[in-house]
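Pasting upload.txt here (compact mmCIF, C-alpha atoms):
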```txt
# COMPACT_ATOMS: atom_id res chain seq x y z
CA MET A 1 3.06 57.90 113.56
CA ILE A 2 1.22 55.66 111.09
CA GLU A 3 -0.11 58.79 109.40
CA LEU A 4 3.41 60.17 108.83
CA ALA A 5 4.59 56.79 107.52
CA PHE A 6 1.58 56.67 105.20
CA TRP A 7 2.32 60.10 103.69
CA ILE A 8 6.00 59.30 103.07
CA LEU A 9 5.20 55.89 101.56
CA ALA A 10 2.34 57.30 99.47
CA LEU A 11 4.64 59.98 98.01
CA ILE A 12 7.24 57.35 97.06
CA VAL A 13 4.58 55.02 95.57
CA VAL A 14 3.02 57.72 93.40
CA GLY A 15 6.41 59.14 92.39
CA THR A 16 7.89 55.81 91.35
CA ALA A 17 4.68 54.74 89.57
CA ALA A 18 4.67 58.01 87.59
CA ALA A 19 8.36 57.57 86.79
CA VAL A 20 7.68 54.03 85.47
CA VAL A 21 5.21 55.54 83.00
CA LEU A 22 7.23 58.64 82.06
CA LEU A 23 10.86 57.42 81.89
CA ARG A 24 12.29 56.72 78.45
CA ASP A 25 14.79 54.11 79.64
CA ILE A 26 12.76 50.93 80.24
CA PHE A 27 15.46 49.30 82.35
CA ARG A 28 15.41 52.19 84.84
CA ALA A 29 11.62 52.04 84.75
CA ALA A 30 11.77 48.37 85.80
CA LEU A 31 14.14 49.14 88.69
CA LEU A 32 11.83 51.93 89.90
CA LEU A 33 8.87 49.53 89.60
CA ILE A 34 10.66 47.16 92.00
CA LEU A 35 11.14 50.09 94.42
CA CYS A 36 7.42 50.80 94.03
CA PHE A 37 6.63 47.16 94.98
CA PHE A 38 8.83 47.46 98.10
CA THR A 39 7.03 50.65 99.12
CA VAL A 40 3.64 48.99 98.67
CA ALA A 41 4.87 46.36 101.16
CA GLY A 42 5.46 49.26 103.58
CA ILE A 43 1.89 50.44 102.97
CA TYR A 44 0.66 46.94 103.90
CA ILE A 45 2.57 47.19 107.18
CA THR A 46 0.80 50.45 108.04
CA LEU A 47 -2.46 48.54 107.38
CA ASN A 48 -1.67 45.77 109.90
CA ALA A 49 -0.98 43.17 107.17
CA ASP A 50 2.48 41.80 108.03
CA PHE A 51 2.09 38.46 106.23
CA LEU A 52 0.95 40.22 103.07
CA ALA A 53 3.97 42.58 103.24
CA ALA A 54 6.31 39.57 103.33
CA VAL A 55 4.44 37.96 100.41
CA GLN A 56 4.66 41.25 98.49
CA VAL A 57 8.45 41.46 98.92
CA LEU A 58 8.97 37.78 98.02
CA ILE A 59 6.66 37.52 95.01
CA TYR A 60 6.42 41.03 93.54
CA ALA A 61 9.82 42.57 94.35
CA GLY A 62 11.58 39.22 94.06
CA ALA A 63 10.00 36.95 91.48
CA ILE A 64 8.07 39.32 89.21
CA GLY A 65 10.83 41.95 89.34
CA VAL A 66 13.48 39.46 88.22
CA LEU A 67 11.12 38.10 85.55
CA LEU A 68 10.52 41.62 84.16
CA ILE A 69 14.25 42.39 84.06
CA PHE A 70 14.87 39.08 82.26
CA ALA A 71 12.24 39.95 79.66
CA ILE A 72 13.71 43.44 79.16
CA MET A 73 17.20 42.00 78.72
CA LEU A 74 15.95 39.43 76.19
CA THR A 75 13.90 41.91 74.14
CA ARG A 76 15.66 45.23 74.65
CA ASN A 77 15.77 47.52 71.66
CA LEU A 78 18.19 50.31 72.57
CA LYS A 79 17.13 52.64 69.77
CA GLU A 80 13.43 52.67 70.59
CA GLY A 81 13.50 52.78 74.39
CA ASN A 82 10.06 53.20 75.95
CA PRO A 83 8.05 55.60 73.76
CA PHE A 84 4.41 56.66 73.91
CA ASN A 85 1.99 55.70 71.13
CA ARG A 86 -0.53 57.86 69.25
CA LEU A 87 -3.07 57.59 72.11
CA LYS A 88 -1.01 59.67 74.56
CA LEU A 89 -3.53 62.50 74.94
CA PRO A 90 -6.81 60.46 74.83
CA ALA A 91 -5.34 57.99 77.33
CA LEU A 92 -4.45 60.86 79.67
CA ILE A 93 -8.01 62.20 79.43
CA VAL A 94 -9.50 58.75 80.12
CA ALA A 95 -7.20 58.20 83.12
CA LEU A 96 -7.97 61.64 84.58
CA LEU A 97 -11.73 61.14 84.11
CA PHE A 98 -11.49 57.77 85.84
CA LEU A 99 -9.50 59.33 88.69
CA ALA A 100 -12.02 62.16 89.14
CA THR A 101 -14.92 59.69 89.19
CA VAL A 102 -13.37 57.37 91.75
CA ILE A 103 -12.22 60.19 94.04
CA GLY A 104 -15.69 61.72 93.86
CA VAL A 105 -17.30 58.42 94.87
CA VAL A 106 -14.77 57.76 97.65
CA VAL A 107 -15.18 61.21 99.19
CA SER A 108 -18.98 61.34 98.96
CA THR A 109 -19.67 57.84 100.34
CA ASN A 110 -20.30 57.24 104.03
CA TRP A 111 -18.14 54.15 104.65
CA ALA A 112 -19.03 53.65 108.33
CA THR A 113 -22.18 51.67 107.54
CA VAL A 114 -20.93 48.13 108.20
CA THR A 115 -21.28 47.04 111.81
CA GLY A 116 -20.30 43.38 111.61
CA VAL A 117 -19.90 40.68 109.00
CA SER A 118 -20.87 37.24 110.23
CA GLN A 119 -19.25 35.28 107.41
CA ALA A 120 -15.78 36.84 107.73
CA VAL A 121 -12.95 35.90 110.10
CA GLU A 122 -12.20 38.87 112.37
CA MET A 123 -9.13 39.61 114.48
CA PRO A 124 -8.04 42.38 116.87
CA VAL A 125 -5.81 45.22 115.61
CA ASP A 126 -2.00 45.13 116.11
CA GLN A 127 -1.64 41.35 116.23
CA PRO A 128 0.35 39.08 113.88
CA THR A 129 -1.96 38.08 111.02
CA THR A 130 -0.40 34.80 109.83
CA GLY A 131 -2.41 32.42 112.02
CA TYR A 132 -5.64 34.30 111.40
CA ILE A 133 -5.03 34.21 107.63
CA ALA A 134 -4.59 30.43 107.87
CA THR A 135 -7.98 30.25 109.59
CA ALA A 136 -9.55 32.54 106.99
CA LEU A 137 -8.13 30.43 104.14
CA PHE A 138 -8.67 26.89 105.43
CA ASP A 139 -11.59 27.09 107.86
CA GLN A 140 -14.22 24.37 107.24
CA SER A 141 -17.22 26.70 107.04
CA LYS A 142 -15.83 30.19 106.26
CA GLY A 143 -12.68 29.21 104.36
CA PHE A 144 -11.51 29.38 100.76
CA VAL A 145 -10.22 25.84 100.27
CA LEU A 146 -11.61 25.26 96.76
CA PRO A 147 -10.33 28.62 95.39
CA PHE A 148 -6.96 27.83 96.98
CA GLU A 149 -6.76 24.51 95.13
CA ILE A 150 -7.92 26.13 91.88
CA ALA A 151 -5.19 28.78 92.30
CA SER A 152 -2.55 26.06 92.61
CA VAL A 153 -3.82 24.39 89.41
CA LEU A 154 -3.79 27.82 87.71
CA LEU A 155 -0.14 28.34 88.69
CA LEU A 156 0.78 24.89 87.33
CA ALA A 157 -1.04 25.58 84.06
CA ALA A 158 0.66 28.99 83.75
CA LEU A 159 4.10 27.46 84.32
CA ILE A 160 3.55 24.76 81.70
CA GLY A 161 2.06 27.32 79.30
CA ALA A 162 5.05 29.66 79.71
CA ILE A 163 7.50 26.82 79.06
CA VAL A 164 5.58 25.70 75.95
CA LEU A 165 5.42 29.29 74.63
CA VAL A 166 9.14 30.05 74.91
CA GLN A 167 10.59 26.71 73.84
CA ASP A 168 12.48 26.64 70.55
CA ARG A 169 10.63 24.47 68.05
CA SER A 170 13.25 24.56 65.26
CA MET B 1 -10.69 64.73 107.06
CA HIS B 2 -9.99 62.07 109.69
CA PHE B 3 -7.12 59.77 108.73
CA GLY B 4 -8.46 56.41 107.60
CA LEU B 5 -9.99 54.47 104.75
CA GLU B 6 -10.43 57.41 102.37
CA HIS B 7 -6.70 58.20 102.28
CA TYR B 8 -5.82 54.67 101.25
CA LEU B 9 -8.64 54.50 98.68
CA ILE B 10 -7.51 57.78 97.08
CA LEU B 11 -3.89 56.55 96.99
CA SER B 12 -5.18 53.38 95.33
CA ALA B 13 -7.19 55.39 92.78
CA VAL B 14 -4.19 57.60 91.92
CA MET B 15 -1.96 54.57 91.46
CA PHE B 16 -4.60 52.77 89.36
CA SER B 17 -5.00 55.82 87.11
CA ILE B 18 -1.23 56.06 86.56
CA GLY B 19 -1.19 52.38 85.61
CA LEU B 20 -4.22 52.81 83.34
CA TYR B 21 -2.60 55.76 81.55
CA GLY B 22 0.60 53.80 81.00
CA ALA B 23 -1.20 50.65 79.83
CA LEU B 24 -3.17 52.66 77.24
CA ALA B 25 -0.40 54.98 76.07
CA LYS B 26 2.75 52.84 75.88
CA ARG B 27 4.12 51.08 72.80
CA ASN B 28 6.57 48.67 74.42
CA ALA B 29 4.74 45.46 75.44
CA VAL B 30 6.94 44.96 78.53
CA ALA B 31 6.08 48.51 79.67
CA ILE B 32 2.37 47.73 79.27
CA LEU B 33 2.80 44.62 81.42
CA MET B 34 4.59 46.71 84.08
CA CYS B 35 1.70 49.19 84.12
CA ILE B 36 -0.77 46.30 84.56
CA GLU B 37 1.25 45.20 87.61
CA ILE B 38 0.92 48.75 89.01
CA MET B 39 -2.87 48.53 88.55
CA LEU B 40 -3.03 45.15 90.34
CA ASN B 41 -1.01 46.60 93.24
CA ALA B 42 -3.43 49.53 93.47
CA VAL B 43 -6.38 47.13 93.75
CA ASN B 44 -4.55 45.18 96.45
CA ILE B 45 -4.01 48.37 98.48
CA ALA B 46 -7.75 49.08 98.29
CA LEU B 47 -8.64 45.53 99.41
CA VAL B 48 -6.24 45.56 102.36
CA ALA B 49 -7.45 49.03 103.38
CA PHE B 50 -11.04 47.75 103.42
CA SER B 51 -9.97 44.75 105.49
CA ARG B 52 -8.39 47.07 108.06
CA TYR B 53 -10.82 50.00 108.24
CA LEU B 54 -14.31 48.76 107.29
CA VAL B 55 -15.10 47.62 110.85
CA PRO B 56 -13.55 49.86 113.53
CA ASN B 57 -11.04 48.22 115.91
CA ALA B 58 -11.00 44.91 114.05
CA VAL B 59 -9.37 43.43 110.96
CA LEU B 60 -11.59 41.47 108.56
CA LEU B 61 -9.30 38.87 107.03
CA THR B 62 -11.31 38.33 103.84
CA GLY B 63 -9.72 41.34 102.13
CA GLN B 64 -6.23 40.03 102.81
CA VAL B 65 -7.20 36.57 101.53
CA PHE B 66 -8.48 38.18 98.31
CA ALA B 67 -5.20 40.11 98.01
CA ILE B 68 -3.28 36.82 98.28
CA PHE B 69 -5.37 35.36 95.43
CA ILE B 70 -4.73 38.48 93.33
CA ILE B 71 -0.98 38.15 93.90
CA THR B 72 -1.20 34.49 92.78
CA VAL B 73 -3.06 35.39 89.60
CA ALA B 74 -0.65 38.29 88.96
CA ALA B 75 2.32 35.92 89.16
CA ALA B 76 0.68 33.55 86.66
CA GLU B 77 -0.22 36.48 84.40
CA ALA B 78 3.33 37.87 84.47
CA ALA B 79 4.82 34.49 83.57
CA VAL B 80 2.46 33.84 80.64
CA GLY B 81 2.55 37.48 79.46
CA LEU B 82 6.33 37.64 79.35
CA ALA B 83 6.46 34.27 77.58
CA ILE B 84 4.08 35.63 74.93
CA ILE B 85 6.21 38.79 74.57
CA ILE B 86 9.37 36.73 74.10
CA ALA B 87 7.60 34.54 71.51
CA ILE B 88 6.47 37.67 69.61
CA TYR B 89 9.99 39.11 69.80
CA ARG B 90 11.40 35.89 68.31
CA SER B 91 9.10 36.01 65.30
CA ARG B 92 9.16 39.79 64.63
CA GLN B 93 12.36 41.15 66.31
CA SER B 94 10.22 43.81 68.05
CA VAL B 95 8.05 44.24 71.13
CA ASP B 96 6.20 47.24 69.70
CA VAL B 97 2.49 46.48 70.11
CA GLU B 98 1.62 48.59 67.05
CA GLN B 99 3.59 46.20 64.83
CA ALA B 100 1.95 43.07 66.30
CA ASP B 101 -1.23 43.55 64.27
CA LEU B 102 -1.55 40.15 62.57
CA MET B 103 -5.17 39.75 63.70
CA LYS B 104 -6.25 43.24 62.58
CA GLY B 105 -9.25 43.11 60.23
```
Is it possible to give me this structure as structure tokens?
Amino acid sequence: MIELAFWILALIVVGTAAAVVLLRDIFRAALLLILCFFTVAGIYITLNADFLAAVQVLIYAGAIGVLLIFAIMLTRNLKEGNPFNRLKLPALIVALLFLATVIGVVVSTNWATVTGVSQAVEMPVDQPTTGYIATALFDQSKGFVLPFEIASVLLLAALIGAIVLVQDRS
Amino acid sequence: MHFGLEHYLILSAVMFSIGLYGALAKRNAVAILMCIEIMLNAVNIALVAFSRYLVPNAVLLTGQVFAIFIITVAAAEAAVGLAIIIAIYRSRQSVDVEQADLMKG
């Protein structure tokens, strides 16, 4: 069941990602990118990550998708569309070499070497993850409280920076 | 091959390569930003797959926590990146990265 869902979702993810790169109309590319984000949320569900799937739909498909469409609307140049640059062929070679390397490593590695990680929060399969993620984030000894606070400061700085960059100084 | 970690890692690698190709070969700055988002999503898939399949019959939450941090940084990056693109468009009436070469030696 999960295997069938994975194959369908994987086909849609790869197809939409390729279409984002290959389509000439950048607006359609952005809409397909949002579909790609939704499908990645489905992949998270097959991986027992329900909270992350909800976050993916809210932040990627919602916020970042709307932001991208705004930017396209504000900067759209109908004549040019979404062309390739001079590096089309070298970039394809680099990407294919990278893909071959990573697939070779993934296939030839024996992944079943880890038996237990003492520093990580574990949970049983097929349970809701939200409470366990709260433990993993905010636990006194194993948690990520300082990175969490730094991430909030980073978001604030990014918001202020974006406002300063786009304001009209004239 | 038994269904498991390798399938997700290969999907992640394919998606990352598509994003890498687009980020290197596109001229429109917004398209490059979209391809970077594809690459970040590919990395997230790999992290969540490790969190699910590295230890059999258990989920290690650290991978999902890392994915949450990556989503946070991606949101900040998209906001600042699009603001920079709009600022460049204002001054040059173009989002073609080959024309934004003011700092070229």
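Remark: for Val121 in chain A, the closest of the candidate residues A:Gln140, A:Val106, A:Ala157, A:Lys88 is A:Gln140 (distances computed over all atoms listed in the file).
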* Residue with smallest distance to Gly131 in chain A - pool B:Leu20, B:Ala13, B:Leu61, B:Leu33, counting all atoms listed in the file -> B:Leu61
* To do: Please determine the contact residues of chain B with respect to chain A at a cut-off of 6 Å, counting all atoms listed in the file, and supply them as a PyMOL selection string.
  => chain B and resi 17+21-22+24-28+58-61+76+80+83+87
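Minimum atom-to-atom distances from B:Ala31, B:Ala42, B:Ala49, B:Ala74 to His7 in chain B were compared using all atoms listed in the file, and the lowest value belongs to B:Ala49.
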* Structure fact -> As a check of understanding: the span from CA of Phe38 in chain A to CA of Ala53 in chain A is 8.6 Å
* To do: For CA of Thr72 in chain B and CA of Pro56 in chain B, determine how far apart the two atoms are, in Å to one decimal place.
  => 28.6 Å
